[in-house]
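Below is upload-v8.pdb, which holds PDB, C-alpha atoms and all ligand atoms.
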ATOM      1  CA  MET A 153       7.545   3.987  22.614
ATOM      2  CA  ALA A 154       9.582   2.161  19.959
ATOM      3  CA  ARG A 155       8.380   2.902  16.470
ATOM      4  CA  LEU A 156       7.366   0.072  14.169
ATOM      5  CA  LYS A 157      10.155  -0.670  11.684
ATOM      6  CA  VAL A 158       8.910  -0.739   8.124
ATOM      7  CA  GLY A 159      10.460  -2.014   4.921
ATOM      8  CA  VAL A 160       9.014  -0.530   1.736
ATOM      9  CA  LEU A 161       9.143  -2.353  -1.600
ATOM     10  CA  ALA A 162       8.786  -0.136  -4.667
ATOM     11  CA  SER A 163       9.435  -0.341  -8.386
ATOM     12  CA  GLY A 164       8.859   3.147  -9.759
ATOM     13  CA  ARG A 165       7.761   6.694  -9.101
ATOM     14  CA  GLY A 166       7.470   6.320  -5.333
ATOM     15  CA  SER A 167       4.812   8.923  -4.586
ATOM     16  CA  ASN A 168       3.174   6.675  -1.985
ATOM     17  CA  LEU A 169       6.586   6.073  -0.468
ATOM     18  CA  ALA A 170       6.988   9.861  -0.298
ATOM     19  CA  ALA A 171       3.669  10.138   1.550
ATOM     20  CA  LEU A 172       4.846   7.535   4.068
ATOM     21  CA  ILE A 173       8.215   9.260   4.454
ATOM     22  CA  GLU A 174       6.497  12.570   5.087
ATOM     23  CA  ALA A 175       4.205  11.058   7.721
ATOM     24  CA  ALA A 176       7.079   9.260   9.442
ATOM     25  CA  ALA A 177       9.118  12.483   9.574
ATOM     26  CA  ASP A 178       6.951  13.388  12.561
ATOM     27  CA  PRO A 179       8.652  11.800  15.586
ATOM     28  CA  ALA A 180       5.189  11.189  17.066
ATOM     29  CA  PHE A 181       4.271   8.941  14.104
ATOM     30  CA  PRO A 182       4.307   5.328  15.355
ATOM     31  CA  ALA A 183       6.304   3.873  12.436
ATOM     32  CA  GLU A 184       9.662   4.543  10.814
ATOM     33  CA  ILE A 185      10.964   3.458   7.440
ATOM     34  CA  ALA A 186      14.035   1.339   8.032
ATOM     35  CA  LEU A 187      14.717   0.316   4.428
ATOM     36  CA  VAL A 188      13.472   0.908   0.892
ATOM     37  CA  ILE A 189      14.054  -1.886  -1.599
ATOM     38  CA  ALA A 190      13.586  -1.440  -5.335
ATOM     39  CA  ASN A 191      13.745  -4.193  -7.931
ATOM     40  CA  VAL A 192      14.674  -1.674 -10.634
ATOM     41  CA  LYS A 193      17.926   0.282 -10.701
ATOM     42  CA  GLY A 194      17.309   4.025 -10.876
ATOM     43  CA  ALA A 195      13.695   3.823  -9.661
ATOM     44  CA  ALA A 196      12.603   7.311  -8.565
ATOM     45  CA  ALA A 197      11.556   5.777  -5.241
ATOM     46  CA  LEU A 198      15.237   5.227  -4.417
ATOM     47  CA  ALA A 199      16.063   8.906  -4.889
ATOM     48  CA  ARG A 200      13.157   9.869  -2.631
ATOM     49  CA  ALA A 201      14.467   7.581   0.106
ATOM     50  CA  ASP A 202      18.045   8.819  -0.361
ATOM     51  CA  ALA A 203      16.899  12.405  -0.034
ATOM     52  CA  ALA A 204      15.275  11.526   3.284
ATOM     53  CA  GLY A 205      18.364   9.701   4.537
ATOM     54  CA  ILE A 206      16.649   6.314   4.463
ATOM     55  CA  PRO A 207      18.792   3.249   3.604
ATOM     56  CA  THR A 208      18.068   1.759   0.191
ATOM     57  CA  LYS A 209      18.841  -1.472  -1.556
ATOM     58  CA  VAL A 210      18.438  -2.512  -5.171
ATOM     59  CA  ILE A 211      17.560  -6.167  -5.595
ATOM     60  CA  GLU A 212      17.094  -6.718  -9.293
ATOM     61  CA  HIS A 213      14.740  -9.569 -10.069
ATOM     62  CA  ARG A 214      16.586 -10.124 -13.348
ATOM     63  CA  ALA A 215      19.647 -11.207 -11.412
ATOM     64  CA  PHE A 216      17.841 -14.235  -9.978
ATOM     65  CA  ALA A 217      17.138 -17.557 -11.624
ATOM     66  CA  SER A 218      13.740 -17.974  -9.966
ATOM     67  CA  ARG A 219      11.036 -16.035  -8.156
ATOM     68  CA  ALA A 220      11.839 -18.078  -5.049
ATOM     69  CA  ALA A 221      15.472 -16.959  -5.080
ATOM     70  CA  PHE A 222      14.481 -13.312  -5.634
ATOM     71  CA  ASP A 223      11.958 -13.444  -2.800
ATOM     72  CA  ALA A 224      14.517 -15.084  -0.506
ATOM     73  CA  ALA A 225      16.839 -12.135  -1.156
ATOM     74  CA  LEU A 226      14.026  -9.687  -0.351
ATOM     75  CA  ASP A 227      13.251 -11.599   2.818
ATOM     76  CA  ALA A 228      16.895 -11.612   3.928
ATOM     77  CA  ALA A 229      17.260  -7.860   3.339
ATOM     78  CA  LEU A 230      14.059  -7.101   5.244
ATOM     79  CA  ARG A 231      15.128  -9.260   8.160
ATOM     80  CA  ALA A 232      18.613  -7.728   8.200
ATOM     81  CA  ALA A 233      16.941  -4.310   8.496
ATOM     82  CA  LYS A 234      14.801  -5.718  11.332
ATOM     83  CA  ALA A 235      11.626  -4.809   9.448
ATOM     84  CA  GLU A 236       8.457  -5.721  11.312
ATOM     85  CA  LEU A 237       6.090  -4.702   8.531
ATOM     86  CA  VAL A 238       6.371  -4.587   4.746
ATOM     87  CA  CYS A 239       4.613  -1.885   2.745
ATOM     88  CA  LEU A 240       4.233  -2.533  -0.967
ATOM     89  CA  ALA A 241       4.183   0.823  -2.735
ATOM     90  CA  GLY A 242       3.912   0.329  -6.460
ATOM     91  CA  PHE A 243       5.918  -2.897  -6.335
ATOM     92  CA  MET A 244       5.408  -4.536  -9.712
ATOM     93  CA  ARG A 245       6.462  -8.116  -8.967
ATOM     94  CA  LEU A 246       4.281 -11.042  -8.000
ATOM     95  CA  LEU A 247       5.421 -12.521  -4.714
ATOM     96  CA  THR A 248       5.648 -16.254  -4.046
ATOM     97  CA  PRO A 249       3.189 -17.910  -1.658
ATOM     98  CA  LYS A 250       6.101 -18.704   0.654
ATOM     99  CA  PHE A 251       7.070 -15.028   0.957
ATOM    100  CA  VAL A 252       3.442 -13.939   1.356
ATOM    101  CA  GLU A 253       2.924 -16.527   4.107
ATOM    102  CA  ALA A 254       6.150 -15.537   5.875
ATOM    103  CA  TRP A 255       4.847 -11.961   6.127
ATOM    104  CA  ARG A 256       1.202 -12.842   6.661
ATOM    105  CA  ASP A 257      -0.608  -9.991   8.464
ATOM    106  CA  ARG A 258       2.688  -8.111   8.409
ATOM    107  CA  MET A 259       2.549  -6.932   4.781
ATOM    108  CA  VAL A 260       0.211  -4.359   3.254
ATOM    109  CA  ASN A 261      -0.396  -3.070  -0.256
ATOM    110  CA  ILE A 262      -2.136  -0.084  -1.781
ATOM    111  CA  HIS A 263      -4.287  -0.511  -4.854
ATOM    112  CA  PRO A 264      -6.049   2.253  -6.825
ATOM    113  CA  SER A 265      -9.616   0.923  -6.710
ATOM    114  CA  LEU A 266     -12.275   0.082  -4.181
ATOM    115  CA  LEU A 267     -11.350  -3.594  -3.821
ATOM    116  CA  PRO A 268     -12.594  -6.230  -4.356
ATOM    117  CA  ALA A 269     -13.685  -4.324  -7.480
ATOM    118  CA  PHE A 270     -11.087  -3.875 -10.197
ATOM    119  CA  PRO A 271      -8.034  -5.766  -8.985
ATOM    120  CA  GLY A 272      -5.065  -5.940 -11.365
ATOM    121  CA  LEU A 273      -3.478  -3.578 -13.872
ATOM    122  CA  ASP A 274      -5.001  -0.786 -16.016
ATOM    123  CA  THR A 275      -7.416  -0.164 -13.188
ATOM    124  CA  HIS A 276      -8.595   3.309 -14.130
ATOM    125  CA  ALA A 277      -9.271   2.449 -17.785
ATOM    126  CA  ARG A 278     -11.405  -0.484 -16.635
ATOM    127  CA  VAL A 279     -13.211   1.697 -14.086
ATOM    128  CA  LEU A 280     -14.058   4.199 -16.851
ATOM    129  CA  ALA A 281     -15.152   1.461 -19.232
ATOM    130  CA  ALA A 282     -17.474   0.042 -16.579
ATOM    131  CA  GLY A 283     -19.031   3.464 -16.040
ATOM    132  CA  VAL A 284     -18.985   3.384 -12.254
ATOM    133  CA  LYS A 285     -19.561   6.762 -10.621
ATOM    134  CA  ILE A 286     -17.426   6.217  -7.558
ATOM    135  CA  THR A 287     -14.034   4.562  -7.399
ATOM    136  CA  GLY A 288     -11.226   4.984  -4.906
ATOM    137  CA  CYS A 289      -8.311   3.228  -3.337
ATOM    138  CA  THR A 290      -7.672   0.496  -0.803
ATOM    139  CA  VAL A 291      -4.958  -0.458   1.658
ATOM    140  CA  HIS A 292      -5.117  -4.172   2.435
ATOM    141  CA  PHE A 293      -3.117  -6.924   4.061
ATOM    142  CA  VAL A 294      -1.554  -9.080   1.379
ATOM    143  CA  ARG A 295      -2.734 -12.544   0.485
ATOM    144  CA  HIS A 296      -1.504 -14.693  -2.341
ATOM    145  CA  GLU A 297      -4.136 -13.769  -4.926
ATOM    146  CA  THR A 298      -3.279 -10.434  -6.581
ATOM    147  CA  ASP A 299      -4.791  -7.401  -4.835
ATOM    148  CA  SER A 300      -6.671  -9.523  -2.330
ATOM    149  CA  GLY A 301      -6.638  -9.664   1.451
ATOM    150  CA  PRO A 302      -8.250  -8.112   4.517
ATOM    151  CA  ILE A 303      -9.107  -4.455   3.888
ATOM    152  CA  LEU A 304      -7.647  -1.896   6.251
ATOM    153  CA  ALA A 305      -8.651   1.452   4.772
ATOM    154  CA  GLN A 306     -10.451   2.793   1.735
ATOM    155  CA  ALA A 307     -11.166   6.206   0.267
ATOM    156  CA  ALA A 308     -14.001   6.870  -2.180
ATOM    157  CA  VAL A 309     -13.271   9.159  -5.109
ATOM    158  CA  PRO A 310     -15.818  10.377  -7.667
ATOM    159  CA  VAL A 311     -15.470   9.623 -11.360
ATOM    160  CA  LEU A 312     -16.191  12.935 -13.116
ATOM    161  CA  PRO A 313     -17.558  13.611 -16.592
ATOM    162  CA  GLY A 314     -14.729  13.894 -19.092
ATOM    163  CA  ASP A 315     -12.301  11.905 -16.929
ATOM    164  CA  THR A 316      -9.509  10.086 -18.682
ATOM    165  CA  ALA A 317      -7.515   7.302 -17.072
ATOM    166  CA  ASP A 318      -4.870   9.922 -16.301
ATOM    167  CA  THR A 319      -7.125  12.519 -14.675
ATOM    168  CA  LEU A 320      -8.837   9.821 -12.652
ATOM    169  CA  ALA A 321      -5.506   8.297 -11.616
ATOM    170  CA  ALA A 322      -4.318  11.689 -10.390
ATOM    171  CA  ARG A 323      -7.476  12.204  -8.295
ATOM    172  CA  VAL A 324      -7.243   8.714  -6.818
ATOM    173  CA  LEU A 325      -3.519   9.141  -6.139
ATOM    174  CA  GLU A 326      -4.213  12.130  -3.875
ATOM    175  CA  ALA A 327      -6.497   9.898  -1.841
ATOM    176  CA  GLU A 328      -3.855   7.145  -1.797
ATOM    177  CA  HIS A 329      -1.435   9.596  -0.221
ATOM    178  CA  ARG A 330      -3.947  10.178   2.563
ATOM    179  CA  ILE A 331      -4.982   6.611   3.346
ATOM    180  CA  TYR A 332      -1.592   4.909   3.213
ATOM    181  CA  PRO A 333      -0.152   6.961   6.096
ATOM    182  CA  LEU A 334      -3.454   6.554   7.939
ATOM    183  CA  ALA A 335      -3.327   2.772   7.547
ATOM    184  CA  LEU A 336       0.308   2.659   8.640
ATOM    185  CA  ARG A 337      -0.487   4.759  11.678
ATOM    186  CA  LEU A 338      -3.294   2.395  12.682
ATOM    187  CA  ILE A 339      -0.958  -0.589  12.393
ATOM    188  CA  GLY A 340       1.815   1.247  14.245
ATOM    189  CA  GLU A 341      -0.565   2.102  17.046
ATOM    190  CA  GLY A 342      -1.567  -1.551  17.244
ATOM    191  CA  ARG A 343      -5.143  -0.633  16.378
ATOM    192  CA  ALA A 344      -5.642  -2.800  13.271
ATOM    193  CA  ARG A 345      -6.236  -6.491  13.845
ATOM    194  CA  VAL A 346      -7.052  -9.215  11.355
ATOM    195  CA  VAL A 347      -9.905 -11.291  12.712
ATOM    196  CA  GLU A 348     -11.305 -14.039  10.478
ATOM    197  CA  GLU A 349      -9.896 -12.334   7.379
ATOM    198  CA  ARG A 350     -11.451  -8.985   8.145
ATOM    199  CA  VAL A 351      -9.706  -6.030   9.732
ATOM    200  CA  GLU A 352     -11.027  -4.705  13.002
ATOM    201  CA  ILE A 353      -9.975  -1.172  13.872
ATOM    202  CA  VAL A 354      -9.847  -0.548  17.570
ATOM    203  CA  ALA A 355     -11.537   2.807  18.150
ATOM    204  CA  ARG A 356      -9.621   5.566  19.863
ATOM    205  CA  THR A 357     -11.639   7.331  22.502
ATOM    206  CA  GLY A 358     -12.487  10.791  21.251
ATOM    207  CA  GLY A 359     -11.811   9.810  17.648
ATOM    208  CA  LYS A 360     -13.722  11.617  14.936
ATOM    209  CA  ALA A 361     -16.986  10.124  13.720
ATOM    210  CA  THR A 362     -17.043   8.281  10.405
ATOM    211  CA  PRO A 363     -17.914  10.775   7.649
ATOM    212  CA  GLY A 364     -21.242  10.524   5.867
ATOM    213  CA  ALA A 365     -21.736   9.017   2.433
ATOM    214  CA  LEU A 366     -19.985  10.387  -0.621
ATOM    215  CA  LEU A 367     -22.626  10.794  -3.307
ATOM    216  CA  ASN A 368     -21.727  11.086  -6.964
ATOM    217  CA  PRO A 369     -23.455  12.764  -8.699
ATOM    218  CA  PRO A 370     -24.078  15.019  -5.691
ATOM    219  CA  GLN A 371     -27.606  15.264  -4.335
ATOM    220  CA  ASP A 372     -28.046  18.787  -5.706
ATOM    221  CA  ALA A 373     -26.875  17.859  -9.215
TER     222      ALA A 373
HETATM  223  C1  LIG B   1      -0.206   3.522  -7.101
HETATM  224  O1  LIG B   1      -1.299   3.942  -7.871
HETATM  225  C2  LIG B   1      -0.554   2.320  -6.285
HETATM  226  O2  LIG B   1      -1.891   2.284  -5.901
HETATM  227  C3  LIG B   1      -0.275   1.177  -7.237
HETATM  228  O3  LIG B   1       0.872   1.584  -7.939
HETATM  229  C4  LIG B   1       0.949   3.005  -7.960
HETATM  230  C5  LIG B   1       2.273   3.370  -7.406
HETATM  231  O4  LIG B   1       2.521   4.747  -7.494
HETATM  232  N1  LIG B   1      -0.115  -0.066  -6.527
HETATM  233  P1  LIG B   1       3.735   5.361  -6.700
HETATM  234  O5  LIG B   1       4.986   4.628  -7.166
HETATM  235  O6  LIG B   1       3.508   5.206  -5.248
HETATM  236  O7  LIG B   1       3.785   6.818  -7.110
END
Go through the file and emit its structure as structure tokens.
Ligand code: GRF
Amino acid sequence: MARLKVGVLASGRGSNLAALIEAAADPAFPAEIALVIANVKGAAALARADAAGIPTKVIEHRAFASRAAFDAALDAALRAAKAELVCLAGFMRLLTPKFVEAWRDRMVNIHPSLLPAFPGLDTHARVLAAGVKITGCTVHFVRHETDSGPILAQAAVPVLPGDTADTLAARVLEAEHRIYPLALRLIGEGRARVVEERVEIVARTGGKATPGALLNPPQDA
């Protein structure tokens, strides 16, 4: 079966991109990365794509007079690569409503919190300040409001005593690298549908049961 063609937009480190590349290296994975676009020259994400033989393009937002013009360039590049889905992976630009609408239900993002809690930047510092015991990460379809949209997959991650924003970010990032490929696989298999702004996952016969609750602190604390 033809694999779903994906365009990835990234601005920096690209560790989530790397997780997607690794998953898609398996020919049985139902999606392939057709293009990686970065808005920053020299972004590490570009080197990761290069190393995997994936076409890359730098579209610098600074080169455009308006957000609309920048987004039109993104759109044109994605269409030229015949992308059917856009994955935002640490893409640090706000997208215009026109672009978001054009890719409605065909664009996903990963955010390092259990949305709708803690959208926006400096997530882990705010999680620590709030004192929550469990945080996590979310893959969601993109809507215009930042870090909003129908939720596809989430992982819960404990906040541990002594955590700093950095130690917590590292723990959450490991979970991100697990759920982003999972979410992409579900989309590629045609098993994730947006129905009335919620995502329905079509069960696979013989699929594993949903795991039990993650308790933090643990019951035997
Ligand atoms: C991740 O924490 C992701 O959740 C957020 O930006 C970060 C990107 O990291 N949207 P990377 O570039 O994928 O390593």
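One distance worth recording is that between CA of Leu240 in chain A and CA of Phe181 in chain A, which is 18.9 Å.
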Fill in: Distance criterion (all atoms listed in the file): nearest to Gly166 in chain A out of A:Phe222, A:Phe243, A:Trp255, A:Phe216
A:Phe243
Which residues are near ligand LIG 1 (chain B) in this structure, taking near to mean any atom at most 7 Å from a ligand atom and counting all atoms listed in the file? Format them as a compact mmCIF listing (two decimals) with C-alpha atoms, in the coordinates of the input.
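See pocket-v8.txt below for the written result:
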# COMPACT_ATOMS: atom_id res chain seq x y z
CA ALA A 162 8.79 -0.14 -4.67
CA SER A 163 9.44 -0.34 -8.39
CA GLY A 164 8.86 3.15 -9.76
CA ARG A 165 7.76 6.69 -9.10
CA GLY A 166 7.47 6.32 -5.33
CA SER A 167 4.81 8.92 -4.59
CA ASN A 168 3.17 6.68 -1.98
CA LEU A 169 6.59 6.07 -0.47
CA ALA A 197 11.56 5.78 -5.24
CA ALA A 241 4.18 0.82 -2.74
CA GLY A 242 3.91 0.33 -6.46
CA PHE A 243 5.92 -2.90 -6.34
CA ASN A 261 -0.40 -3.07 -0.26
CA ILE A 262 -2.14 -0.08 -1.78
CA HIS A 263 -4.29 -0.51 -4.85
CA PRO A 264 -6.05 2.25 -6.82
CA CYS A 289 -8.31 3.23 -3.34
CA LEU A 325 -3.52 9.14 -6.14
CA GLU A 328 -3.86 7.14 -1.80
Worksheet item: Where does the PyMOL selection byres (((chain A and resi 337-351) around 8) and not hetatm) land in this file, that is, which residues does it pick, as a list in words?
Response: Arg155, Leu156, Phe181, Pro182, Ala183, Asp257, Gly301, Pro302, Ile303, Leu304, Pro333, Leu334, Ala335, Leu336, Glu352, Ile353, Val354 and Ala355 of chain A
Take every atom of range 236-248 of chain A listed in the file, fit an axis-aligned box around them, add 8 Å per side, and give the centre and edge lengths in Å to one decimal as AutoDock Vina command-line options.
--center_x 6.2 --center_y -7.7 --center_z 0.8 --size_x 20.5 --size_y 33.1 --size_z 37.0
Worksheet item: Which of these, A:Leu161, A:Ala305, A:Leu367, A:Leu187, has the shortest distance to Asp202 in chain A once you count all atoms listed in the file?
Response: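 That would be A:Leu187, the residue with the smallest distance to Asp202 in chain A.
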Item to complete: Run through the PyMOL selection byres (((chain A and resi 312) around 9) and not hetatm) on the given coordinates and return the selected residues as a list in words.
Response: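 For this structure, the PyMOL selection byres (((chain A and resi 312) around 9) and not hetatm) resolves to Lys285, Ile286, Pro310, Val311, Pro313, Gly314, Asp315, Leu320, Asn368 and Pro369 of chain A.
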